[in-house]
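Trainee: Input structure: data15.txt, which contains compact mmCIF, C-alpha atoms.
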```
# COMPACT_ATOMS: atom_id res chain seq x y z
CA MET A 1 0.00 0.00 0.00
CA THR A 2 1.23 3.48 -0.79
CA GLY A 3 -1.19 5.83 0.97
CA ALA A 4 -2.23 7.24 4.31
CA VAL A 5 -2.59 3.89 6.03
CA ALA A 6 1.03 3.09 5.31
CA ALA A 7 2.08 6.55 6.50
CA ALA A 8 0.13 6.23 9.74
CA ALA A 9 1.28 2.68 10.38
CA GLY A 10 4.86 3.70 9.76
CA GLY A 11 5.19 6.08 12.68
CA GLY A 12 3.61 7.70 15.69
CA CYS A 13 1.53 10.31 13.89
CA HIS A 14 -0.84 11.63 16.55
CA ILE A 15 -2.95 14.72 17.07
CA PHE A 16 -0.41 16.93 18.87
CA SER A 17 2.72 15.68 17.15
CA GLY A 18 2.26 18.29 14.42
CA CYS A 19 2.20 15.86 11.52
CA GLY A 20 -1.42 16.53 10.44
CA PHE A 21 -4.14 13.98 9.80
CA PRO A 22 -2.99 11.51 7.14
CA GLY A 23 -6.36 11.51 5.37
CA PRO A 24 -7.00 8.47 3.20
CA GLY A 25 -7.72 8.89 -0.48
CA LEU A 26 -7.35 7.25 -3.87
CA GLN A 27 -3.75 6.38 -3.08
CA ASP A 28 -5.04 3.86 -0.52
CA PHE A 29 -6.54 1.81 -3.35
CA ILE A 30 -3.23 1.52 -5.17
CA TRP A 31 -0.98 -1.35 -4.17
CA LYS A 32 2.68 -2.01 -4.71
CA PRO A 33 2.96 -5.06 -6.96
CA PHE A 34 4.16 -8.33 -5.45
CA PHE A 35 5.99 -9.03 -8.68
CA THR A 36 6.11 -7.76 -12.24
CA ILE A 37 6.40 -9.66 -15.50
CA GLY A 38 6.95 -7.23 -18.36
CA SER A 39 4.11 -4.71 -18.19
CA PHE A 40 1.99 -7.02 -16.02
CA SER A 41 2.06 -6.38 -12.27
CA PHE A 42 0.58 -8.81 -9.76
CA THR A 43 -1.03 -6.89 -6.89
CA LYS A 44 -2.92 -7.63 -3.67
CA PRO A 45 -6.44 -7.19 -5.18
CA MET A 46 -5.55 -9.78 -7.85
CA LEU A 47 -4.40 -12.20 -5.18
CA LEU A 48 -7.62 -11.62 -3.21
CA ALA A 49 -9.73 -12.21 -6.33
CA ILE A 50 -7.96 -15.53 -6.89
CA VAL A 51 -8.37 -16.45 -3.22
CA SER A 52 -12.10 -15.59 -3.44
CA ALA A 53 -12.53 -17.79 -6.52
CA LEU A 54 -10.66 -20.63 -4.80
CA VAL A 55 -12.80 -20.28 -1.66
CA VAL A 56 -16.01 -20.55 -3.71
CA ILE A 57 -14.72 -23.48 -5.78
CA GLY A 58 -13.25 -25.20 -2.71
CA PHE A 59 -16.38 -24.84 -0.62
CA PHE A 60 -18.78 -26.20 -3.23
CA TRP A 61 -16.33 -28.93 -4.20
CA ALA A 62 -16.08 -29.99 -0.54
CA ALA A 63 -19.85 -29.81 -0.14
CA PHE A 64 -20.81 -31.82 -3.23
CA ARG A 65 -17.75 -33.97 -3.88
CA LYS A 66 -19.53 -37.03 -2.54
CA PRO A 67 -23.17 -36.03 -2.08
CA LYS A 68 -25.10 -38.22 0.35
CA LEU A 69 -28.82 -38.77 0.81
CA ILE A 70 -28.43 -37.76 4.46
CA PRO A 71 -26.15 -34.77 4.08
CA GLY A 72 -23.22 -33.98 6.32
CA ARG A 73 -22.56 -30.51 7.72
CA THR A 74 -20.73 -29.10 4.70
CA GLN A 75 -23.24 -30.55 2.25
CA SER A 76 -26.14 -29.14 4.31
CA LEU A 77 -24.49 -25.73 4.32
CA GLY A 78 -23.92 -25.94 0.56
CA GLU A 79 -27.51 -27.00 -0.04
CA MET A 80 -28.78 -24.16 2.14
CA ALA A 81 -26.63 -21.66 0.23
CA ILE A 82 -27.88 -22.89 -3.13
CA LEU A 83 -31.52 -23.00 -2.00
CA GLN A 84 -31.31 -19.44 -0.68
CA VAL A 85 -30.05 -18.18 -4.04
CA ARG A 86 -32.71 -20.23 -5.83
CA ASP A 87 -35.63 -19.10 -3.64
CA GLN A 88 -34.63 -15.51 -2.97
CA ILE A 89 -33.01 -14.54 -6.26
CA LEU A 90 -33.67 -16.92 -9.15
CA ARG A 91 -37.25 -18.13 -8.71
CA PRO A 92 -38.81 -14.69 -8.01
CA SER A 93 -37.47 -13.39 -11.33
CA LEU A 94 -37.22 -16.41 -13.61
CA GLY A 95 -39.55 -18.97 -12.08
CA ARG A 96 -38.95 -22.71 -12.35
CA LYS A 97 -37.97 -22.40 -15.99
CA GLY A 98 -34.89 -20.47 -14.97
CA ASP A 99 -33.39 -23.27 -12.88
CA SER A 100 -30.78 -23.90 -15.58
CA TYR A 101 -29.21 -20.53 -14.69
CA LEU A 102 -28.83 -21.54 -11.03
CA PRO A 103 -25.13 -22.61 -11.25
CA PHE A 104 -24.26 -19.29 -12.90
CA LEU A 105 -26.16 -17.19 -10.36
CA VAL A 106 -24.83 -19.17 -7.37
CA SER A 107 -21.23 -18.76 -8.59
CA LEU A 108 -21.76 -15.07 -9.31
CA PHE A 109 -23.39 -14.37 -5.95
CA PHE A 110 -20.79 -16.13 -3.83
CA PHE A 111 -17.84 -14.86 -5.87
CA ILE A 112 -19.01 -11.25 -5.40
CA TYR A 113 -19.89 -11.86 -1.77
CA ILE A 114 -16.49 -13.32 -0.88
CA MET A 115 -14.69 -10.55 -2.79
CA ASN A 116 -16.70 -7.96 -0.83
CA LEU A 117 -16.15 -9.79 2.42
CA MET A 118 -12.38 -9.50 1.99
CA GLU A 119 -12.83 -5.97 3.33
CA LEU A 120 -13.68 -7.27 6.79
CA ILE A 121 -11.25 -10.18 7.10
CA PRO A 122 -8.11 -9.24 9.04
CA VAL A 123 -4.87 -9.33 7.00
CA PHE A 124 -6.82 -9.19 3.70
CA GLN A 125 -8.73 -6.00 4.63
CA PHE A 126 -9.52 -4.87 1.12
CA PRO A 127 -12.73 -5.30 -0.91
CA VAL A 128 -11.68 -6.45 -4.35
CA THR A 129 -14.78 -4.89 -5.93
CA SER A 130 -13.67 -1.42 -4.78
CA ARG A 131 -11.33 -1.60 -7.80
CA ILE A 132 -13.64 -1.07 -10.76
CA GLY A 133 -11.41 -3.17 -13.01
CA PHE A 134 -12.69 -6.26 -11.20
CA VAL A 135 -16.33 -5.23 -11.58
CA TRP A 136 -16.43 -4.55 -15.34
CA PRO A 137 -15.56 -8.12 -16.42
CA MET A 138 -18.50 -9.41 -14.36
CA VAL A 139 -20.77 -6.70 -15.78
CA PHE A 140 -19.68 -7.55 -19.34
CA THR A 141 -20.27 -11.25 -18.71
CA VAL A 142 -23.82 -10.51 -17.55
CA TYR A 143 -24.35 -7.97 -20.35
CA PHE A 144 -23.27 -10.31 -23.14
CA LEU A 145 -25.24 -13.15 -21.57
CA TYR A 146 -28.51 -11.25 -21.54
CA LEU A 147 -27.91 -9.85 -25.03
CA PHE A 148 -27.15 -13.34 -26.33
CA LEU A 149 -30.23 -14.79 -24.61
CA GLY A 150 -32.37 -11.94 -25.89
CA PHE A 151 -31.26 -12.44 -29.50
CA LYS A 152 -31.58 -16.21 -29.15
CA HIS A 153 -35.09 -16.22 -27.68
CA GLN A 154 -36.64 -13.23 -29.44
CA GLY A 155 -34.50 -12.82 -32.54
CA VAL A 156 -32.57 -9.62 -33.28
CA TRP A 157 -35.57 -7.69 -34.62
CA GLY A 158 -37.90 -9.08 -31.94
CA TYR A 159 -35.46 -8.09 -29.20
CA PHE A 160 -35.37 -4.46 -30.39
CA ARG A 161 -39.14 -4.42 -30.96
CA ASN A 162 -39.84 -5.75 -27.47
CA MET A 163 -37.78 -2.97 -25.89
CA ALA A 164 -40.68 -0.66 -26.61
CA THR A 165 -43.31 -0.30 -23.94
CA PRO A 166 -46.71 -1.47 -25.20
CA GLY A 167 -49.54 1.05 -25.27
CA VAL A 168 -47.42 4.10 -26.04
CA PRO A 169 -48.81 6.37 -28.81
CA TRP A 170 -46.55 6.18 -31.89
CA PRO A 171 -45.33 9.82 -31.87
CA ILE A 172 -44.06 9.22 -28.33
CA TYR A 173 -42.18 6.13 -29.57
CA ILE A 174 -39.96 8.41 -31.64
CA LEU A 175 -39.06 10.36 -28.52
CA LEU A 176 -38.43 7.16 -26.59
CA VAL A 177 -36.17 5.40 -29.11
CA PRO A 178 -32.89 7.11 -28.03
CA LEU A 179 -33.92 6.73 -24.41
CA GLU A 180 -34.61 2.99 -24.63
CA LEU A 181 -31.49 2.28 -26.69
CA LEU A 182 -29.22 4.11 -24.27
CA ARG A 183 -30.90 2.54 -21.27
CA PHE A 184 -30.59 -1.00 -22.60
CA PHE A 185 -27.11 -0.81 -24.02
CA LEU A 186 -25.35 1.68 -21.80
CA PHE A 187 -26.97 2.71 -18.54
CA GLN A 188 -28.36 -0.66 -17.47
CA PRO A 189 -24.90 -2.30 -17.39
CA PHE A 190 -23.31 0.95 -16.20
CA THR A 191 -25.54 1.28 -13.13
CA LEU A 192 -25.13 -2.44 -12.43
CA GLY A 193 -21.36 -2.07 -12.15
CA VAL A 194 -21.03 1.40 -10.69
CA ARG A 195 -23.40 0.67 -7.80
CA LEU A 196 -21.36 -2.33 -6.64
CA PHE A 197 -18.07 -0.50 -7.08
CA GLY A 198 -19.33 2.74 -5.47
CA ASN A 199 -20.73 1.08 -2.39
CA MET A 200 -17.63 -0.98 -1.72
CA PHE A 201 -15.30 1.92 -2.47
CA ALA A 202 -17.18 4.28 -0.13
CA GLY A 203 -17.46 1.63 2.59
CA HIS A 204 -13.74 0.92 2.53
CA LEU A 205 -12.92 4.63 2.56
CA LEU A 206 -15.19 5.23 5.56
CA LEU A 207 -13.73 2.31 7.45
CA THR A 208 -10.20 3.57 6.72
CA ILE A 209 -11.05 7.14 7.77
CA PHE A 210 -12.41 6.12 11.16
CA THR A 211 -9.70 3.56 11.85
CA LEU A 212 -7.01 6.09 10.98
CA ALA A 213 -8.75 8.81 12.98
CA THR A 214 -8.85 6.54 16.03
CA TRP A 215 -5.11 6.00 15.76
CA TYR A 216 -4.41 9.67 15.00
CA LEU A 217 -6.50 11.02 17.90
CA LEU A 218 -5.08 8.55 20.38
CA SER A 219 -3.08 10.54 22.94
CA LEU A 220 -3.03 11.27 26.66
CA SER A 221 -5.23 14.33 26.26
CA VAL A 222 -8.77 15.28 25.33
CA GLY A 223 -7.98 13.56 22.03
CA LEU A 224 -8.59 10.25 23.80
CA LEU A 225 -12.28 11.09 24.00
CA TYR A 226 -12.40 11.81 20.27
CA ALA A 227 -10.47 8.62 19.62
CA ALA A 228 -13.10 6.67 21.56
CA GLY A 229 -15.86 8.32 19.47
CA SER A 230 -14.03 7.50 16.26
CA PHE A 231 -13.51 3.90 17.43
CA VAL A 232 -17.26 3.52 18.04
CA MET A 233 -17.89 4.85 14.53
CA ALA A 234 -15.34 2.40 13.10
CA ILE A 235 -17.17 -0.47 14.82
CA PHE A 236 -20.50 0.86 13.54
CA ILE A 237 -19.19 1.09 9.96
CA PHE A 238 -17.73 -2.41 10.31
CA VAL A 239 -21.13 -3.82 11.30
CA LEU A 240 -22.80 -1.82 8.53
CA GLU A 241 -20.32 -3.18 6.01
CA THR A 242 -21.10 -6.77 6.99
CA LEU A 243 -24.62 -6.04 5.74
CA VAL A 244 -23.51 -4.01 2.72
CA THR A 245 -21.20 -6.78 1.46
CA LEU A 246 -24.11 -9.22 1.43
CA LEU A 247 -26.63 -6.71 0.12
CA GLN A 248 -24.47 -5.65 -2.82
CA ALA A 249 -23.88 -9.25 -3.88
CA PHE A 250 -27.62 -9.84 -3.55
CA ILE A 251 -28.58 -6.76 -5.61
CA PHE A 252 -26.08 -7.54 -8.38
CA THR A 253 -27.31 -11.13 -8.68
CA THR A 254 -31.00 -10.21 -8.41
CA LEU A 255 -30.66 -7.61 -11.17
CA THR A 256 -28.76 -10.13 -13.28
CA ALA A 257 -31.66 -12.57 -12.84
CA THR A 258 -34.24 -9.93 -13.82
CA TYR A 259 -32.20 -8.93 -16.90
CA ILE A 260 -31.97 -12.58 -17.95
CA ALA A 261 -35.73 -12.88 -17.37
CA THR A 262 -36.36 -9.86 -19.62
CA SER A 263 -34.26 -11.46 -22.34
CA VAL A 264 -35.86 -14.88 -22.06
CA GLU A 265 -39.41 -13.59 -21.72
CA PRO A 266 -40.04 -10.10 -23.07
CA ALA A 267 -43.33 -9.75 -21.20
CA HIS A 268 -41.48 -9.86 -17.84
CA MET B 1 -49.04 -27.35 10.45
CA SER B 2 -48.13 -28.26 6.90
CA GLU B 3 -50.77 -25.81 5.61
CA VAL B 4 -49.21 -23.05 7.65
CA SER B 5 -45.73 -23.79 6.40
CA ALA B 6 -47.02 -23.92 2.82
CA ARG B 7 -48.67 -20.54 3.33
CA ASP B 8 -45.46 -19.16 4.84
CA ARG B 9 -43.54 -20.42 1.84
CA ARG B 10 -45.99 -18.69 -0.50
CA ASP B 11 -45.67 -15.46 1.48
CA THR B 12 -41.86 -15.62 1.38
CA SER B 13 -41.95 -16.28 -2.33
CA ALA B 14 -44.34 -13.36 -2.93
CA GLU B 15 -42.15 -11.16 -0.75
CA ALA B 16 -39.04 -12.15 -2.69
CA GLN B 17 -40.85 -11.56 -5.97
CA GLY B 18 -41.95 -8.11 -4.83
CA ARG B 19 -38.40 -7.33 -3.71
CA ALA B 20 -36.93 -8.39 -7.05
CA GLN B 21 -39.52 -6.35 -8.95
CA GLY B 22 -38.96 -3.33 -6.73
CA LEU B 23 -35.21 -3.52 -7.23
CA ASN B 24 -35.62 -3.83 -10.97
CA ILE B 25 -38.07 -0.93 -11.19
CA GLY B 26 -35.87 1.29 -9.02
CA TRP B 27 -32.79 0.80 -11.18
CA THR B 28 -34.79 0.96 -14.40
CA VAL B 29 -36.17 4.35 -13.36
CA LEU B 30 -32.65 5.60 -12.62
CA SER B 31 -31.46 4.28 -15.99
CA TYR B 32 -34.35 6.07 -17.75
CA LEU B 33 -33.51 9.37 -16.09
CA LEU B 34 -29.82 9.08 -16.96
CA SER B 35 -30.46 7.96 -20.54
CA GLY B 36 -33.00 10.76 -21.09
CA MET B 37 -30.49 13.39 -20.07
CA ALA B 38 -27.61 11.73 -21.95
CA ALA B 39 -29.53 11.09 -25.18
CA TYR B 40 -31.16 14.51 -25.54
CA GLY B 41 -28.10 16.25 -24.09
CA ALA B 42 -26.05 14.64 -26.85
CA ILE B 43 -28.59 15.62 -29.51
CA GLY B 44 -28.62 19.19 -28.12
CA TRP B 45 -24.83 19.28 -28.07
CA LEU B 46 -24.61 18.10 -31.68
CA ILE B 47 -27.16 20.63 -32.91
CA GLY B 48 -25.53 23.33 -30.74
CA ARG B 49 -22.17 22.53 -32.27
CA ALA B 50 -23.60 22.81 -35.77
CA VAL B 51 -25.40 26.10 -35.17
CA HIS B 52 -22.86 27.49 -32.65
CA VAL B 53 -25.33 27.78 -29.76
CA SER B 54 -23.80 26.20 -26.68
CA MET B 55 -27.01 26.61 -24.66
CA LEU B 56 -28.63 23.77 -26.63
CA PHE B 57 -26.63 21.21 -24.64
CA PRO B 58 -28.16 22.02 -21.21
CA ILE B 59 -31.55 22.66 -22.84
CA GLY B 60 -31.35 19.21 -24.46
CA MET B 61 -30.50 17.65 -21.10
CA LEU B 62 -33.48 19.33 -19.45
CA ILE B 63 -35.81 18.23 -22.27
CA GLY B 64 -34.44 14.68 -21.93
CA LEU B 65 -35.01 14.77 -18.20
CA ALA B 66 -38.57 16.02 -18.72
CA ILE B 67 -39.30 13.29 -21.30
CA SER B 68 -37.87 10.53 -19.11
CA LEU B 69 -39.65 11.85 -16.01
CA GLY B 70 -42.95 12.02 -17.88
CA PHE B 71 -42.44 8.52 -19.24
CA VAL B 72 -41.53 7.10 -15.83
CA ILE B 73 -44.64 8.68 -14.26
CA TRP B 74 -46.81 7.48 -17.14
CA ARG B 75 -45.42 3.93 -17.05
CA TYR B 76 -44.99 3.20 -13.35
CA GLY B 77 -47.57 5.62 -11.97
CA ARG B 78 -50.13 4.04 -14.28
CA SER B 79 -49.33 0.50 -13.14
CA ALA B 80 -49.71 1.57 -9.49
CA SER B 81 -53.08 3.22 -10.11
CA ALA B 82 -54.17 0.20 -12.19
CA ASP B 83 -53.38 -2.02 -9.22
CA ALA B 84 -55.42 0.25 -6.98
CA SER B 85 -58.43 0.20 -9.31
CA LYS B 86 -58.09 -3.58 -9.68
CA ASP B 87 -58.24 -3.73 -5.91
CA ASP B 88 -61.44 -1.66 -5.98
CA VAL B 89 -63.02 -4.13 -8.41
CA ASN B 90 -62.41 -6.91 -5.88
CA LYS B 91 -64.63 -5.24 -3.31
CA ASP B 92 -66.24 -7.41 -0.64
CA THR B 93 -69.91 -7.93 -1.52
CA GLU B 94 -71.10 -7.76 2.12
CA THR B 95 -69.10 -4.81 3.40
CA GLY B 96 -68.38 -3.02 0.15
CA MET B 97 -64.77 -2.72 1.28
CA SER B 98 -61.86 -3.33 -1.05
CA ALA B 99 -59.51 -6.24 -0.30
CA ALA B 100 -56.82 -3.80 0.81
CA ALA B 101 -59.24 -1.98 3.13
CA ILE B 102 -60.29 -5.31 4.71
CA ARG B 103 -56.64 -6.23 5.22
CA ARG B 104 -55.94 -2.86 6.84
CA ALA B 105 -59.02 -3.09 9.08
CA SER B 106 -58.15 -6.65 10.15
CA HIS B 107 -54.61 -5.60 10.88
CA ARG B 108 -55.83 -2.68 13.03
CA ARG B 109 -58.07 -5.03 15.04
CA GLY B 110 -55.33 -7.63 15.30
CA ILE B 111 -57.44 -10.28 13.53
CA PRO B 112 -55.53 -12.63 11.21
CA ARG B 113 -56.64 -12.43 7.57
CA GLU B 114 -57.80 -16.04 7.28
CA GLU B 115 -59.96 -15.89 10.45
CA LYS B 116 -61.58 -12.70 9.25
CA SER B 117 -62.57 -14.21 5.93
CA ARG B 118 -64.07 -17.22 7.68
```
Translate the structure of the given file into structure tokens.
Mentor:
Amino acid sequence: MTGAVAAAAGGGCHIFSGCGFPGPGLQDFIWKPFFTIGSFSFTKPMLLAIVSALVVIGFFWAAFRKPKLIPGRTQSLGEMAILQVRDQILRPSLGRKGDSYLPFLVSLFFFIYIMNLMELIPVFQFPVTSRIGFVWPMVFTVYFLYLFLGFKHQGVWGYFRNMATPGVPWPIYILLVPLELLRFFLFQPFTLGVRLFGNMFAGHLLLTIFTLATWYLLSLSVGLLYAAGSFVMAIFIFVLETLVTLLQAFIFTTLTATYIATSVEPAH
Amino acid sequence: MSEVSARDRRDTSAEAQGRAQGLNIGWTVLSYLLSGMAAYGAIGWLIGRAVHVSMLFPIGMLIGLAISLGFVIWRYGRSASADASKDDVNKDTETGMSAAAIRRASHRRGIPREEKSR
């Protein structure tokens, strides 16, 4: 890390030492590479993304490697996880017909969730999705999937025709064409990605601010009182982030399911 | 017992369905507002560039915002009022109350819905 956290951790920068508050910023999202091969640098977020993928693969492999009729603890946990995604995300949008998308949605949900959760795990302490470069590939995967499904199920012309809202007078259609095209092809995927990135970015920044402030205000003076206040806020943000990590994974996957539903069945 | 759990399951499923729809509508509305401003802002900017009137860019954005707002109100406001009128059609023949009004009244009196209908 190159930013304020490193600066604060490096020395005794406190309120009356005259060093000033080492406020966190964009520099705290930039990591020194572990190693570099040519122009490619391997950084901490990349490592965390790989660890997240391995955790998801490892857990479901352990759960369903040898599935039993009377499930063990890991299998029960795996089944519960899958059923939650099916009942809370897939079925409400796609119904029973959408069960073939369950493996995709389960993988997507848990991959995002674990990447978000990295923010709260000591040592890791960084949400991978707060780097937008990790969010766009997932958005593009979803985007191309629902475009492909839309063209496959409705045909190219049918897909464009079904974008239009039924019951609109034809002169209004002309006004709505640029709106619908931009919404479908630009802003729908854009909002899908930016929301996940923005929430995780802001959450990490808040957590860093209050953690740093606690350390900075810590001194044998009135600052101790402020440090205690900042510590309480850090704990509050931590608890809030445990919910946000889950919620963001849930929203991303739910919206993916509804976009797939719109492509498979235009009347949705 | 099994009837109760079946009913609970139905309620959870309806709740989840409502949540998914709500999420979708919320983000669709945001996308409409953004695309309205972007699309007509771009058209305004292009025309403004051609005729050397820079004001057409913000004017285009405002027109886009107005169009998208109007469309959002027309589309989603209409579906909400349609639901309300559908609810009015399903009025109770004895009391003349709509299904929603009966639910609200039962809730106020603390009577479960099923018992009330019996």
Trainee: Can you check which residues of chain A have any atom within 9 Å of chain B? Use all atoms listed in the file and format it as a list in words.
Mentor: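 In the required form, that comes to Asp87, Gln88, Ile89, Arg91, Pro92, Ser93, Thr165, Leu175, Leu176, Pro178, Leu179, Glu180, Leu181, Leu182, Arg183, Phe184, Leu186, Phe187, Gln188, Phe190, Thr191, Leu192, Ile251, Thr254, Leu255, Ala257, Thr258 and Tyr259 of chain A.
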Trainee: Mind giving me the straight-line distance from atom CA of A:Gly95 to atom CA of A:Leu83 in Å, one decimal?
Mentor: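 Separation of atom CA of A:Gly95 and atom CA of A:Leu83: 13.5 Å.
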Trainee: Show me, as a short mmCIF file (atom, residue, chain, number, x, y, z; two decimals) with C-alpha atoms, in the coordinates of the input, the residues that have an atom within 10 Å of A:Gln248 when counting all atoms listed in the file, minus same-chain residues fewer than 2 positions from it.
Mentor:
```cif
data_model
loop_
_atom_site.label_atom_id
_atom_site.label_comp_id
_atom_site.auth_asym_id
_atom_site.auth_seq_id
_atom_site.Cartn_x
_atom_site.Cartn_y
_atom_site.Cartn_z
CA PHE A 109 -23.39 -14.37 -5.95
CA ILE A 112 -19.01 -11.25 -5.40
CA TYR A 113 -19.89 -11.86 -1.77
CA ASN A 116 -16.70 -7.96 -0.83
CA ARG A 195 -23.40 0.67 -7.80
CA LEU A 196 -21.36 -2.33 -6.64
CA PHE A 197 -18.07 -0.50 -7.08
CA ASN A 199 -20.73 1.08 -2.39
CA MET A 200 -17.63 -0.98 -1.72
CA LEU A 243 -24.62 -6.04 5.74
CA VAL A 244 -23.51 -4.01 2.72
CA THR A 245 -21.20 -6.78 1.46
CA LEU A 246 -24.11 -9.22 1.43
CA PHE A 250 -27.62 -9.84 -3.55
CA ILE A 251 -28.58 -6.76 -5.61
CA PHE A 252 -26.08 -7.54 -8.38
CA THR A 253 -27.31 -11.13 -8.68
CA THR A 254 -31.00 -10.21 -8.41
#
```
Trainee: Edge lengths and centre in Å to one decimal, as AutoDock Vina command-line options, is what I'm after for the box along x, y and z that holds all listed atoms of stretch 230-240 of chain A once 4 Å is added on each side.
Mentor:
```
--center_x -18.2 --center_y 1.8 --center_z 13.3 --size_x 17.3 --size_y 19.3 --size_z 17.5
```
Trainee: Quick one, how far is atom CA of A:Gly58 from atom CA of A:Leu77?
Mentor: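 Interatomic distance, atom CA of A:Gly58 to atom CA of A:Leu77: 13.3 Å.
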Trainee: Could you jot down the atom CA of A:Arg65 to atom CA of A:Ile82 separation for me, Å, one decimal place?
Mentor: 15.0 Å
Trainee: Considering only C-alpha atoms, return as a VMD selection string whatever protein or nucleic-acid residues lie within 12 Å of A:His204, sequence-local ones (same chain, fewer than 4 positions apart) excluded.
Mentor: chain A and resid 24 to 26 28 to 29 116 to 120 125 to 131 197 to 200 208 to 212 234 237 to 238 240 to 242 244 to 245
Trainee: From the list A:Ala81, A:Gly72, A:Arg161, A:Leu108, which residue is nearest A:Tyr173 when using all atoms listed in the file?
Mentor: A:Arg161
Trainee: Which polymer residues, whether protein, DNA or RNA, lie within 10 Å of the coordinate (-8.7, 8.1, 18.0) when you count all atoms listed in the file? List them as number ranges by chain, using the chain letters and numbers from the file.
Mentor: A: 14-15, 210-219, 223-232
Trainee: Do a neighbour search on B:Gly41 at 6 Å with all atoms listed in the file, toss out local chain neighbours closer than 3 positions, and write the hits as a list in words.
Mentor: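 Near B:Gly41, the qualifying residues are Met37, Ala38, Gly44, Trp45, Phe57, Gly60 and Met61 of chain B.
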Trainee: When distances are computed from only C-alpha atoms, which of A:Gly78, A:Pro67, A:Leu206, A:Ile260 shows the smallest separation from A:Asp99?
Mentor: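 Among the listed residues, the smallest separation from A:Asp99 belongs to A:Ile260.
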